[in-house]
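J.: Before anything else, here's the structure in question.
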Amino acid sequence: MPHLAEWDLVYPRNDLSRARLRPRAGDPLRDGQIRLSVEKFALTANNATYARLGDSELPFWEAFPAPTGYGRIPVWGTVSVAESRHPAIAVGERFFGYVPMSSHHVVEVPQSTEDGFFDLTPQRADFMHPWYRTYRRAWEVDDLDDHRTVLRPLFTAAFTVANLIAAHVADGGRTVVVTSASSKTAITVATQLVGLVGLRLVGVTASHRVGFVAGLDVFDTVVGYDAVDTIQADGKPVLVVDIAGDIKHLGAIHAHFGGAVRDSALVGYTHPSAVIDPPELTPQPRIFFSPHQEEMQREVDDGYEGRARRVERATVDAVARWLKVRRFKGPKAMAEAFRAVLAGELGPDEAVVCTRK
Ligand SMILES: NC(=O)c1ccc[n+]([C@@H]2O[C@H](COP(=O)([O-])OP(=O)(O)OC[C@H]3O[C@@H](n4cnc5c(N)ncnc54)[C@H](OP(=O)(O)O)[C@@H]3O)[C@@H](O)[C@H]2O)c1
């Protein structure tokens, strides 16, 4: 691909295998706008989920404008201010936030906050939760920069799910079954819960990933999707945390535990077969949208922020001991990285970090 000053990677919404590099003229900024240079971002099944479900009731394709029929895949990453027409935001400042797979991203009328800014672009304000429009000042770069880049977008989900699980145990529940146990979200949940008295944490994953997940020693039991019926059922209340999004697997877990299932939280959609609509099961599974959960947990816990950041630091330290980062540089390599993520080709001990240059 030729060298371009500004570009977008766009995908036909109905064919995620065909990335197209689209050059873009850097239009002059209006008052109040800033131009962000996209420095570094991670790609995980989270981004594949944004793309696969982009036309669903979670309309991720609408986040960033693209030609008709195409979409720009949202990613979370570090940006630096390349140009500013906002009095409170200076060129060179670095932030972490939600951006497209592009060289640059223009944010309209940013409202400056204590530790960053809040994007007020009307297109995004119409449908997106404020979580996706909050840009926080980036951390100082250190040896764990890549790992933090991978885990930061997943941490709110992992932290709020861990809190849900702790509440389940405090409420007399014992068993928690987590699907897509090899996902970074699932492992980050499990890593926080090591040592929680009274919890039996069961991970369910593809049979060829059972060995790796079991070896991390953060779940009490790990089984393949084809061995759910071997999980010991003791009649005590069960919480299901579904990260795979596959009705077949979720149905098998509900069928195995029967009336003991107290709650079933739909957290993720890693499998290509995933659908957004909650399946007809008893009890009715419910969508667990972590930004909303975070809001509710903050309301009852004024120590939430400090605790979350402490746990995040400890989790990044723990995960960095085994998670290998694969670096991809430039748009062509980014497209190849997304293809591999979408196809589920990465090892569970690998993560992708992309840099523009
Ligand atoms: N609810 C929320 O607010 C919230 C917030 C953050 C993330 N999420 C969601 O959580 C999920 C996990 O994200 P993540 O970043 O942790 O993912 P990840 O680490 O990239 O997950 C990788 C795992 O997903 C499964 N997988 C991925 N692609 C696959 C494919 N093509 N075929 C079959 N299995 C595949 C495999 O696990 P197994 O073999 O173990 O199934 C694989 O090891 C995403 O769907 C994301 O959108 C939700």
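By order in the structure tokens, chains are A, B, ...; within a chain, residues start at 1; ligands start at 1, following the order shown.
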Set the cut-off to 8 Å, count only C-alpha atoms and all ligand atoms, and list whatever residues fall near ligand 1 as JSON, numbers by chain.
T.: {"A": [43, 44, 45, 46, 47, 48, 49, 50, 150, 151, 153, 154, 155, 156, 157, 158, 179, 180, 181, 182, 183, 184, 185, 186, 187, 204, 205, 206, 207, 208, 209, 243, 244, 245, 266, 267, 268, 269, 270, 271, 272, 287, 288, 289, 290, 291, 341, 342, 343, 344, 345, 346, 347, 348, 351]}
J.: Using only C-alpha atoms, find each residue in segment 209-306 of chain A having at least one atom no more than 9 Å away from segment 53-60 of chain A; report its shortest atom-to-atom pair and that distance in Å (one decimal), rows by chain then rising number, as a tab-separated table.
T.:
```
residue	atom	partner	partner_atom	distance
A:Tyr269	CA	A:Leu53	CA	8.9
A:Ala274	CA	A:Leu53	CA	9.0
A:Val275	CA	A:Leu53	CA	8.1
A:Ile276	CA	A:Ser56	CA	7.5
```
J.: Taking only C-alpha atoms into account, which of A:Ala42, A:Ala335, A:Val194, A:Val238 comes nearest Val75 of chain A?
T.: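 Selected residue with least distance to Val75 of chain A: A:Ala42.
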J.: How would you write, as number ranges by chain, the set of residues in segment 131-317 of chain A that DSSP gives as strand (DSSP E)?
T.: A: 134-137, 175-179, 200-205, 221-224, 238-242, 261-266, 286-287
J.: If you count only C-alpha atoms, which residues fall within 12 Å of segment 251-260 of chain A, apart from same-chain ones fewer than 6 positions away, as a ChimeraX atom specification?
T.: /A:173-179,202-204,223-242,244-245,278-285
